[in-house]
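Below: the structure, in structure tokens.
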Number of protein chains: 2
Amino acid sequence: MRVALAQVNPTVGDIAGNTELVLSAVTRARDAGADLTILPELVLTGYPPEDLLLKDHFVDDSVEALHRVAAACTSAVLVGFADRGENGEVHNAAALCRDGVVERVYHKRHLPNYGVFDEWRYFAPGDEPVIVDVAGVPVAVTICEDVWVPESATEVAKMGARVIANLSASPFHAGKGATREAMLRSRAADNGVWLAYANLTGGQDELVFDGRSVVIAPSGEVVGRAGAFAEDLLVVEFDPNAGAGLGVPLAPPEEGPAEVYAALVTGLGDYARKNGFSDVAVGLSGGIDSALVACVAADALSPGRVHGVMMPSRYSSRGSIADAEALGHALGIDLREISIEPGFSANLHSLEPSFEGMAHDVTEENLQARVRGTLLMALSNKFGWLVLATGNKSELSVGYSTLYGDMVGGFAPLKDVFKTRVYELARWRNERGPAPVIPEATLLKAPSAELRPDQIDQDTLPPYDELDAILERYVEADESRGEIVAAGFDAQLVERVVRMTDAAEYKRRQGALGTKITPKAFGRDRRMPVTNRYRER
Amino acid sequence: MRVALAQVNPTVGDIAGNTELVLSAVTRARDAGADLTILPELVLTGYPPEDLLLKDHFVDDSVEALHRVAAACTSAVLVGFADRGENGEVHNAAALCRDGVVERVYHKRHLPNYGVFDEWRYFAPGDEPVIVDVAGVPVAVTICEDVWVPESATEVAKMGARVIANLSASPFHAGKGATREAMLRSRAADNGVWLAYANLTGGQDELVFDGRSVVIAPSGEVVGRAGAFAEDLLVVEFDPNAGAGLGVPLAPPEEGPAEVYAALVTGLGDYARKNGFSDVAVGLSGGIDSALVACVAADALSPGRVHGVMMPSRYSSRGSIADAEALGHALGIDLREISIEPGFSANLHSLEPSFEGMAHDVTEENLQARVRGTLLMALSNKFGWLVLATGNKSELSVGYSTLYGDMVGGFAPLKDVFKTRVYELARWRNERGPAPVIPEATLLKAPSAELRPDQIDQDTLPPYDELDAILERYVEADESRGEIVAAGFDAQLVERVVRMTDAAEYKRRQGALGTKITPKAFGRDRRMPVTNRYRER
């Protein structure tokens, strides 16, 4: 039996374009002699379509597109689409297309409604398993979450399925690929079936999909694996009645900084491309965050499409400007310098009557950041560049950032990247080469916002390794203040971090989108009220 | 039988404060001789607690608070809280507290997961009805959505319930009060039961709750109604075996602009109060939006707590400044003028090398709006004022607003108010008195952003009555382009409005919170992808 996993990158809402993508994959799979071709979950609508699914005509368009695909199919093809049920309800569905028609439709039975998922908002669950015959082999059709539920695989195996086909759109976070593959291997081994898993690839707003579609033998062995973060057509031939594969060598799946960096490049690149931006602008401070953002942007688009803007003030060190320049030259991006002093001084002057007799404070610091934001947005308006916000998850957690200042931007590549991981990724990018691009000084100096003389981040924040360890427990694991203290952290420090994090919710709510790379990102993953007087026990 | 409906205004997360609120209501109800006291849904946690419910310790705190309440109860009290189920799951629950203990617990069976609701994300549904005995009368316990499902009321009536008690947190939109009361009347009449409905009041982020708790006789007659948008303790005595009440005269429920205006005042007032802001700042342009926002703010806080900031530019007409001043004086708010010219000129000067040889365009218009935003935020930082964004739903729909410019603010009172309704509310506010405050010129002149010479909104946008009619169909009713054209609108115009609305999603995503007053508000009510290539049929 020859199975083709069509790992494609659709765009949400682009039903016509996605249909072309599917038709092209179907043709290539046919040319490769596939008995069965599997496309990802909701490939015709893109994933996740969110409230587009509440439009009746959107679902109608999805069903029409499916029939266009079916007309072009000869051998069996499984396609994900949004289906209309008998009572008007909507289903997350997979169709078996063969010999020019839609032969059978399966409705997803297990609808996730946690984390980033809202599937109960849109879909009615299916109520029966579907097993189809492909070249004499019983193949169970399942969609994403279905295969994460052990009973679901056991049920179809007991019904005689030799192969479980799964159409997936599985959002990435660091390490998810390994977790998922381990789960899939145990599903195959526990039930003595072959597993053919087709995952989406590409970025959609805050989500990226890492692909890595696999075919797994009943022995639990991976006998085929598609690439990560790239379109692919993986064709695997196997004997459905055998228990194991041929023992082909496979490239090990990437992990650690390599996969996270690839996720960031995919997230930004697809956001820009799918929204029609050819160029991006990024404010270069000489610091580590903006340096890493510039690298990600140069790798996602191309260096010539990245516009680095240095915006020094009276508090910028000469070293910072030199570091920003060195980075820009090493990357080969467009570089320009625009002073914020005139705008800063003029606004201060306008405010003098209101501020008379009052001391300088964070107001004047934020004002500098806001003049920078204003200048970047002016460049964006004039040249059509997408502005990238450079803030990281540590800053965003505790609100160490200026709303409408350094938070300005259409996309924030490091939104879900803690500061300690920013360093790790920067070092990895320098090592990857061909040559290091981020100056050593940027990697070694104490982080600073440079908004007042001799300021460093650690005047205000605890050391980043400590901060990030607390945030990981508080933000990602929902641990209480007491639990974090019990794990060995200073009680006063934990109290402070918790309060800062809660108080910054209003800023995060107005922040840019950015790629999710952890199990719990800010955004749809963590839906906290702004008005919130809860005090952690 | 004497029933007390305790219509209170809790704060999300403030479990200790909410417990005090409940205890105080219990005491007052006891003093009034109530046999049964009913508090709203999730009153101990506040509503909606969102992802606070994912913290185990938050649910523990809710259960502990319930036991504190129970200890203080003698006669029957129904209290909404978050409960922990036997297998660790969380329930949206109502407890019958009596004689110092928690006597019985009901778990909500119908969990809404549409519109603004995400209850399947948090709760497991209950699986059985609960009927308790109160002074010899069988009383069914239900929570919010339960009573919207007709079969649910019929079931408990058939089981012998004479009274259906409902604990509610029913988010407001214009006209919802009337719809809801009609539904409740038919529930009572259809099943021949009494209905005692206790609703929440107050604001929480984008939601407001209008109260209007009611007692309804089996005849369908309303025999008691609490006030709208205010705390209240409604005590009603009735014979549970009678079919009708005593025919007491009731104040008619407010509708039209009065209830919408009250909703806006509540939404802003509670956002400010619950987040610790005593004062607000609003940029006054002389136009209708900022005038209405200033009125709402003055009524929500007090005129002395409102700081009107006039920020004229070279394009501001003398009339505009005079209108802003007249409004400010009539309202009695603090007024100041800060010129944006120095900041505007200085930033333009800094950008000259980048913009050399390029024509003026929307960049320079946005730059003015962003200097205004920067100045307002500087006042906010220095004095702790909450900045109010003045944009309305029509502008926000089509993106006729500047991100980080006029969109700056912690709260946007008119976010869900179409421009045509802004005029209606402004006229209503002038008529309400004591004296008109919004100048006639502001009401009569053509709306203008005044960002270039002789600009008016209708250079760029269709007339607002036409625009709003299209938006209502497209945004709120999810009609397709074709359906709107079929209803008689110009095809090209509809196409343009649809495209502008889709393209502005990225701006809305970074906009301030604002009070929901329509059936479908931007925000959690309408979850559209930013990356979205869907083209309406």
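Residues are referred to by chain and number: the chain letter is A, B, ... according to the order shown in the structure tokens, the number counts from 1 in that chain, and ligands are numbered separately from 1 in the order shown.
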Please list as a short mmCIF file (atom, residue, chain, number, x, y, z; two decimals) with C-alpha atoms, in the first residue's frame every residue within 6 Å of region 78-82 of chain B, counting only C-alpha atoms and excluding residues in the same chain fewer than 6 positions away.
data_model
loop_
_atom_site.label_atom_id
_atom_site.label_comp_id
_atom_site.auth_asym_id
_atom_site.auth_seq_id
_atom_site.Cartn_x
_atom_site.Cartn_y
_atom_site.Cartn_z
CA ILE B 38 -31.21 34.48 45.84
CA LEU B 39 -27.85 35.83 44.77
CA PRO B 40 -26.56 35.94 41.17
CA GLU B 41 -24.50 33.39 39.26
CA LEU B 42 -20.85 33.06 40.34
CA VAL B 43 -21.31 35.99 42.70
CA LEU B 44 -18.40 34.89 44.91
CA VAL B 59 -11.59 27.35 42.83
CA SER B 62 -14.32 30.07 45.99
CA HIS B 91 -18.70 23.37 38.00
CA ASN B 92 -20.67 26.59 37.67
CA ALA B 93 -22.64 25.99 40.84
CA ALA B 94 -25.37 27.21 43.16
CA ALA B 95 -25.42 26.21 46.81
CA LEU B 96 -28.40 26.15 49.13
#
For this session: Would you please extract all strand (DSSP E) residues from region 216-364 of chain B, as assigned by DSSP on the backbone, and give them as an MDAnalysis selection string?
Result: chainID B and resid 216 222:225 232:237 280:283 306:310 334:337
For this session: Residues of chain A no more than 6 Å from chain B, counting only C-alpha atoms: send them over as number ranges by chain.
Result: A: 12-14, 50-51, 55, 113-114, 121, 342-343, 346-347, 363, 378, 381-382, 404, 478, 510-511, 527-528, 532-534
Best match for closeness to Ser313 (chain B) among B:Thr402, B:Asn199, B:Ser285, B:Ser278, counting only C-alpha atoms: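 Ranked by minimum distance to Ser313 (chain B), first place goes to B:Ser285.
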Requested in this report: Pick out each residue of region 182-367 of chain B that DSSP on the backbone tags as alpha helix (DSSP H); I need them as a PyMOL selection string.
Outcome: chain B and resi 182-191+257-274+288-300+318-331+341-355+362-367
How about saving the chosen residues, C-alpha atoms kept, as a short mmCIF file (atom, residue, chain, number, x, y, z; two decimals), in the first residue's frame?
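Saved as out25.cif:
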data_model
loop_
_atom_site.label_atom_id
_atom_site.label_comp_id
_atom_site.auth_asym_id
_atom_site.auth_seq_id
_atom_site.Cartn_x
_atom_site.Cartn_y
_atom_site.Cartn_z
CA ALA B 182 -40.58 38.22 27.71
CA MET B 183 -38.75 34.88 27.75
CA LEU B 184 -39.05 34.62 31.53
CA ARG B 185 -42.77 35.44 31.42
CA SER B 186 -43.42 32.72 28.89
CA ARG B 187 -41.35 30.24 30.94
CA ALA B 188 -43.54 30.93 33.99
CA ALA B 189 -46.81 30.90 32.06
CA ASP B 190 -46.01 27.84 29.96
CA ASN B 191 -45.24 25.80 33.03
CA PRO B 257 -31.13 55.73 24.48
CA ALA B 258 -31.79 55.90 28.22
CA GLU B 259 -30.79 52.30 28.83
CA VAL B 260 -27.84 52.46 26.44
CA TYR B 261 -26.56 55.62 28.08
CA ALA B 262 -26.92 54.01 31.50
CA ALA B 263 -24.98 50.99 30.22
CA LEU B 264 -22.14 53.21 28.99
CA VAL B 265 -22.00 55.07 32.30
CA THR B 266 -21.93 51.78 34.21
CA GLY B 267 -19.31 50.23 31.94
CA LEU B 268 -16.90 53.13 32.19
CA GLY B 269 -17.61 53.88 35.85
CA ASP B 270 -17.01 50.31 36.98
CA TYR B 271 -13.93 49.90 34.79
CA ALA B 272 -12.40 53.00 36.36
CA ARG B 273 -13.45 52.21 39.93
CA LYS B 274 -12.56 48.51 39.88
CA ILE B 288 -19.54 64.69 18.63
CA ASP B 289 -17.65 61.56 19.74
CA SER B 290 -15.37 63.24 22.24
CA ALA B 291 -18.29 65.37 23.45
CA LEU B 292 -20.37 62.29 24.23
CA VAL B 293 -17.42 60.53 25.87
CA ALA B 294 -16.90 63.56 28.13
CA CYS B 295 -20.59 63.47 29.11
CA VAL B 296 -20.49 59.76 29.91
CA ALA B 297 -17.31 60.26 31.93
CA ALA B 298 -18.73 63.24 33.84
CA ASP B 299 -21.83 61.22 34.69
CA ALA B 300 -19.85 58.08 35.57
CA ARG B 318 -11.63 78.08 15.34
CA GLY B 319 -15.15 76.68 15.61
CA SER B 320 -13.86 73.33 16.82
CA ILE B 321 -11.86 74.87 19.64
CA ALA B 322 -14.81 77.04 20.63
CA ASP B 323 -17.14 74.02 20.61
CA ALA B 324 -14.76 72.00 22.79
CA GLU B 325 -14.49 74.89 25.23
CA ALA B 326 -18.24 75.40 25.34
CA LEU B 327 -18.76 71.71 26.10
CA GLY B 328 -16.10 71.72 28.80
CA HIS B 329 -17.57 74.78 30.50
CA ALA B 330 -21.13 73.46 30.30
CA LEU B 331 -20.07 70.13 31.84
CA GLU B 341 2.42 71.74 16.48
CA PRO B 342 5.88 71.55 18.11
CA GLY B 343 5.82 67.75 18.33
CA PHE B 344 4.32 67.39 14.85
CA SER B 345 6.89 69.71 13.24
CA ALA B 346 9.84 68.20 15.09
CA ASN B 347 8.94 64.66 14.09
CA LEU B 348 8.37 65.71 10.49
CA HIS B 349 11.78 67.34 10.53
CA SER B 350 13.43 64.17 11.82
CA LEU B 351 11.75 62.20 9.04
CA GLU B 352 12.74 64.61 6.24
CA PRO B 353 15.80 62.66 5.07
CA SER B 354 13.69 59.49 4.78
CA PHE B 355 10.71 61.20 3.15
CA VAL B 362 -2.05 59.68 5.26
CA THR B 363 1.34 59.41 7.01
CA GLU B 364 1.27 63.07 8.00
CA GLU B 365 -2.36 62.78 9.09
CA ASN B 366 -1.59 59.80 11.32
CA LEU B 367 1.45 61.59 12.72
#
*asked:* At a cut-off of 10 Å, using only C-alpha atoms, what residues contact Asp133 (chain A)? Leave out same-chain residues fewer than 5 positions from it and give the result as a VMD selection string.
replied: chain A and resid 76 138 to 140 161
Contacts of Ser448 (chain B) at 8 Å or less, counting only C-alpha atoms, minus same-chain residues fewer than 6 places along, as a PDB file with N, CA and C atoms, in the first residue's frame?
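Done, and the output landed in selection_0.pdb:
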ATOM      1  N   GLY B 287     -15.724  67.725  18.272  1.00  0.00           N
ATOM      2  CA  GLY B 287     -16.631  66.825  17.550  1.00  0.00           C
ATOM      3  C   GLY B 287     -17.578  66.090  18.497  1.00  0.00           C
ATOM      4  N   GLN B 455     -11.067  68.896   5.394  1.00  0.00           N
ATOM      5  CA  GLN B 455     -11.417  67.472   5.356  1.00  0.00           C
ATOM      6  C   GLN B 455     -12.756  67.223   6.063  1.00  0.00           C
ATOM      7  N   ILE B 456     -13.594  66.367   5.493  1.00  0.00           N
ATOM      8  CA  ILE B 456     -14.738  65.841   6.257  1.00  0.00           C
ATOM      9  C   ILE B 456     -14.779  64.324   6.097  1.00  0.00           C
ATOM     10  N   ASP B 457     -15.405  63.652   7.079  1.00  0.00           N
ATOM     11  CA  ASP B 457     -15.433  62.185   7.068  1.00  0.00           C
ATOM     12  C   ASP B 457     -15.988  61.659   5.753  1.00  0.00           C
TER      13      ASP B 457
END
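Taking CA of Leu246 (chain A) and CA of Ile143 (chain A) as the two end points, the separation is 27.0 Å.
Distances to Val387 (chain B) were evaluated for B:Val141, B:Val437, B:Val63, B:Met407 using only C-alpha atoms, and the minimum falls at B:Met407.
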Restricting to only C-alpha atoms, whichever of B:Ala486, B:Val132, B:Ala491, B:Ala169 is closest to Gln7 (chain B) is B:Ala169
Handout entry: Spatial neighbours of Glu89 (chain A), max dist 8 Å, only C-alpha atoms, sep filter under 5 positions, as a list in words
Key =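 Contacts, with the query itself left out: Arg84, Phe123 and Ala124 of chain A.
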Taken to one decimal, the CA of Cys73 (chain A)-CA of Ser24 (chain A) distance is 11.1 Å
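Within the 12 Å cut-off around Leu23 (chain B), using only C-alpha atoms and omitting residues fewer than 3 positions from it on the same chain, the listed residues are Ala6, Val8, Ala16, Gly17, Asn18, Thr19, Glu20, Val26, Thr27, Arg28, Ala29, Arg30, Thr37, Leu39, Val43, Leu44, Ala65, Leu66, His67, Arg68, Val69, Ala70, Ala71, Ala72, Cys73, Thr74, Val77, Val79 and Cys97 of chain B.
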Output N, CA, C and O atoms for every residue in that selection, as an mmCIF file, in the first residue's frame.
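And here is the file that came out, out-v4.cif:
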data_model
loop_
_atom_site.group_PDB
_atom_site.id
_atom_site.type_symbol
_atom_site.label_atom_id
_atom_site.label_comp_id
_atom_site.auth_asym_id
_atom_site.auth_seq_id
_atom_site.Cartn_x
_atom_site.Cartn_y
_atom_site.Cartn_z
ATOM 1 N N ALA B 6 -31.148 39.424 45.607
ATOM 2 C CA ALA B 6 -30.031 40.305 45.976
ATOM 3 C C ALA B 6 -29.224 40.636 44.725
ATOM 4 O O ALA B 6 -28.366 39.873 44.302
ATOM 5 N N VAL B 8 -26.515 42.334 43.196
ATOM 6 C CA VAL B 8 -25.287 42.982 43.660
ATOM 7 C C VAL B 8 -24.272 43.149 42.528
ATOM 8 O O VAL B 8 -24.469 42.630 41.427
ATOM 9 N N ALA B 16 -12.752 37.915 48.611
ATOM 10 C CA ALA B 16 -13.007 38.427 49.963
ATOM 11 C C ALA B 16 -14.054 39.548 49.915
ATOM 12 O O ALA B 16 -15.009 39.553 50.705
ATOM 13 N N GLY B 17 -13.892 40.477 49.001
ATOM 14 C CA GLY B 17 -14.843 41.586 48.883
ATOM 15 C C GLY B 17 -16.231 41.112 48.485
ATOM 16 O O GLY B 17 -17.239 41.599 49.015
ATOM 17 N N ASN B 18 -16.278 40.159 47.569
ATOM 18 C CA ASN B 18 -17.579 39.639 47.128
ATOM 19 C C ASN B 18 -18.283 38.902 48.267
ATOM 20 O O ASN B 18 -19.504 38.954 48.392
ATOM 21 N N THR B 19 -17.492 38.223 49.093
ATOM 22 C CA THR B 19 -18.067 37.521 50.238
ATOM 23 C C THR B 19 -18.728 38.524 51.194
ATOM 24 O O THR B 19 -19.838 38.296 51.687
ATOM 25 N N GLU B 20 -18.052 39.651 51.403
ATOM 26 C CA GLU B 20 -18.630 40.695 52.264
ATOM 27 C C GLU B 20 -19.938 41.218 51.670
ATOM 28 O O GLU B 20 -20.920 41.450 52.384
ATOM 29 N N VAL B 26 -27.262 39.107 52.722
ATOM 30 C CA VAL B 26 -27.925 38.070 53.511
ATOM 31 C C VAL B 26 -28.510 38.678 54.795
ATOM 32 O O VAL B 26 -29.640 38.386 55.187
ATOM 33 N N THR B 27 -27.728 39.555 55.415
ATOM 34 C CA THR B 27 -28.205 40.214 56.636
ATOM 35 C C THR B 27 -29.438 41.065 56.361
ATOM 36 O O THR B 27 -30.438 41.012 57.088
ATOM 37 N N ARG B 28 -29.384 41.844 55.277
ATOM 38 C CA ARG B 28 -30.516 42.719 54.949
ATOM 39 C C ARG B 28 -31.750 41.886 54.580
ATOM 40 O O ARG B 28 -32.868 42.236 54.945
ATOM 41 N N ALA B 29 -31.537 40.792 53.892
ATOM 42 C CA ALA B 29 -32.668 39.939 53.523
ATOM 43 C C ALA B 29 -33.276 39.285 54.770
ATOM 44 O O ALA B 29 -34.499 39.149 54.887
ATOM 45 N N ARG B 30 -32.428 38.911 55.691
ATOM 46 C CA ARG B 30 -32.924 38.313 56.931
ATOM 47 C C ARG B 30 -33.750 39.349 57.690
ATOM 48 O O ARG B 30 -34.849 39.055 58.179
ATOM 49 N N THR B 37 -33.439 33.751 49.925
ATOM 50 C CA THR B 37 -32.656 34.842 49.343
ATOM 51 C C THR B 37 -31.875 34.278 48.166
ATOM 52 O O THR B 37 -31.269 33.206 48.283
ATOM 53 N N LEU B 39 -28.947 34.998 45.274
ATOM 54 C CA LEU B 39 -27.848 35.833 44.765
ATOM 55 C C LEU B 39 -27.517 35.406 43.347
ATOM 56 O O LEU B 39 -27.881 34.314 42.920
ATOM 57 N N VAL B 43 -21.460 34.709 42.007
ATOM 58 C CA VAL B 43 -21.307 35.994 42.702
ATOM 59 C C VAL B 43 -20.036 36.025 43.547
ATOM 60 O O VAL B 43 -19.435 37.085 43.735
ATOM 61 N N LEU B 44 -19.583 34.877 44.040
ATOM 62 C CA LEU B 44 -18.403 34.887 44.911
ATOM 63 C C LEU B 44 -17.098 35.103 44.134
ATOM 64 O O LEU B 44 -16.128 35.626 44.679
ATOM 65 N N ALA B 65 -14.907 30.381 50.472
ATOM 66 C CA ALA B 65 -15.756 31.555 50.685
ATOM 67 C C ALA B 65 -17.208 31.128 50.861
ATOM 68 O O ALA B 65 -17.940 31.684 51.685
ATOM 69 N N LEU B 66 -17.613 30.133 50.118
ATOM 70 C CA LEU B 66 -18.990 29.649 50.242
ATOM 71 C C LEU B 66 -19.262 29.177 51.671
ATOM 72 O O LEU B 66 -20.315 29.469 52.243
ATOM 73 N N HIS B 67 -18.308 28.476 52.254
ATOM 74 C CA HIS B 67 -18.525 27.977 53.608
ATOM 75 C C HIS B 67 -18.596 29.118 54.618
ATOM 76 O O HIS B 67 -19.352 29.052 55.594
ATOM 77 N N ARG B 68 -17.838 30.187 54.370
ATOM 78 C CA ARG B 68 -17.959 31.383 55.223
ATOM 79 C C ARG B 68 -19.373 31.951 55.134
ATOM 80 O O ARG B 68 -19.954 32.368 56.134
ATOM 81 N N VAL B 69 -19.912 31.998 53.916
ATOM 82 C CA VAL B 69 -21.263 32.523 53.728
ATOM 83 C C VAL B 69 -22.276 31.612 54.435
ATOM 84 O O VAL B 69 -23.158 32.089 55.166
ATOM 85 N N ALA B 70 -22.123 30.316 54.222
ATOM 86 C CA ALA B 70 -23.087 29.361 54.791
ATOM 87 C C ALA B 70 -23.175 29.503 56.306
ATOM 88 O O ALA B 70 -24.264 29.448 56.897
ATOM 89 N N ALA B 71 -22.019 29.719 56.919
ATOM 90 C CA ALA B 71 -21.974 29.821 58.379
ATOM 91 C C ALA B 71 -22.858 30.960 58.886
ATOM 92 O O ALA B 71 -23.339 30.936 60.027
ATOM 93 N N ALA B 72 -23.086 31.959 58.035
ATOM 94 C CA ALA B 72 -23.858 33.132 58.446
ATOM 95 C C ALA B 72 -25.336 33.026 58.067
ATOM 96 O O ALA B 72 -26.112 33.937 58.337
ATOM 97 N N CYS B 73 -25.735 31.952 57.411
ATOM 98 C CA CYS B 73 -27.113 31.839 56.921
ATOM 99 C C CYS B 73 -27.993 31.106 57.928
ATOM 100 O O CYS B 73 -27.574 30.106 58.511
ATOM 101 N N THR B 74 -29.185 31.592 58.093
ATOM 102 C CA THR B 74 -30.173 30.851 58.902
ATOM 103 C C THR B 74 -31.261 30.341 57.957
ATOM 104 O O THR B 74 -31.315 29.154 57.670
ATOM 105 N N VAL B 77 -30.630 30.417 51.569
ATOM 106 C CA VAL B 77 -29.937 31.370 50.685
ATOM 107 C C VAL B 77 -29.315 30.588 49.535
ATOM 108 O O VAL B 77 -28.621 29.593 49.767
ATOM 109 N N VAL B 79 -26.572 30.736 46.603
ATOM 110 C CA VAL B 79 -25.366 31.508 46.280
ATOM 111 C C VAL B 79 -24.628 30.882 45.111
ATOM 112 O O VAL B 79 -24.368 29.678 45.108
ATOM 113 N N CYS B 97 -27.633 27.360 51.078
ATOM 114 C CA CYS B 97 -27.062 27.495 52.418
ATOM 115 C C CYS B 97 -28.218 27.704 53.400
ATOM 116 O O CYS B 97 -29.119 28.519 53.148
#
request  = With a distance cut-off of 9 Å and only C-alpha atoms, select the neighbouring residues of Asp468 (chain A), excluding the residue or stretch itself and same-chain residues fewer than 3 positions from it, and output the selection as a list in words.
outcome  =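 Neighbouring residues, sequence-local ones excluded: Lys393, Ser394, Phe418, Lys419, Thr420, Pro463, Tyr464, Asp465, Leu471, Glu472 and Arg473 of chain A.
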One residue among A:Lys108, A:Arg98, A:Arg180, A:Lys415 is nearest to Phe522 (chain A) when using only C-alpha atoms, and that residue is A:Lys415
Correct to one decimal, the distance CA of Gly160 (chain B)-CA of Ile216 (chain B) is 17.5 Å
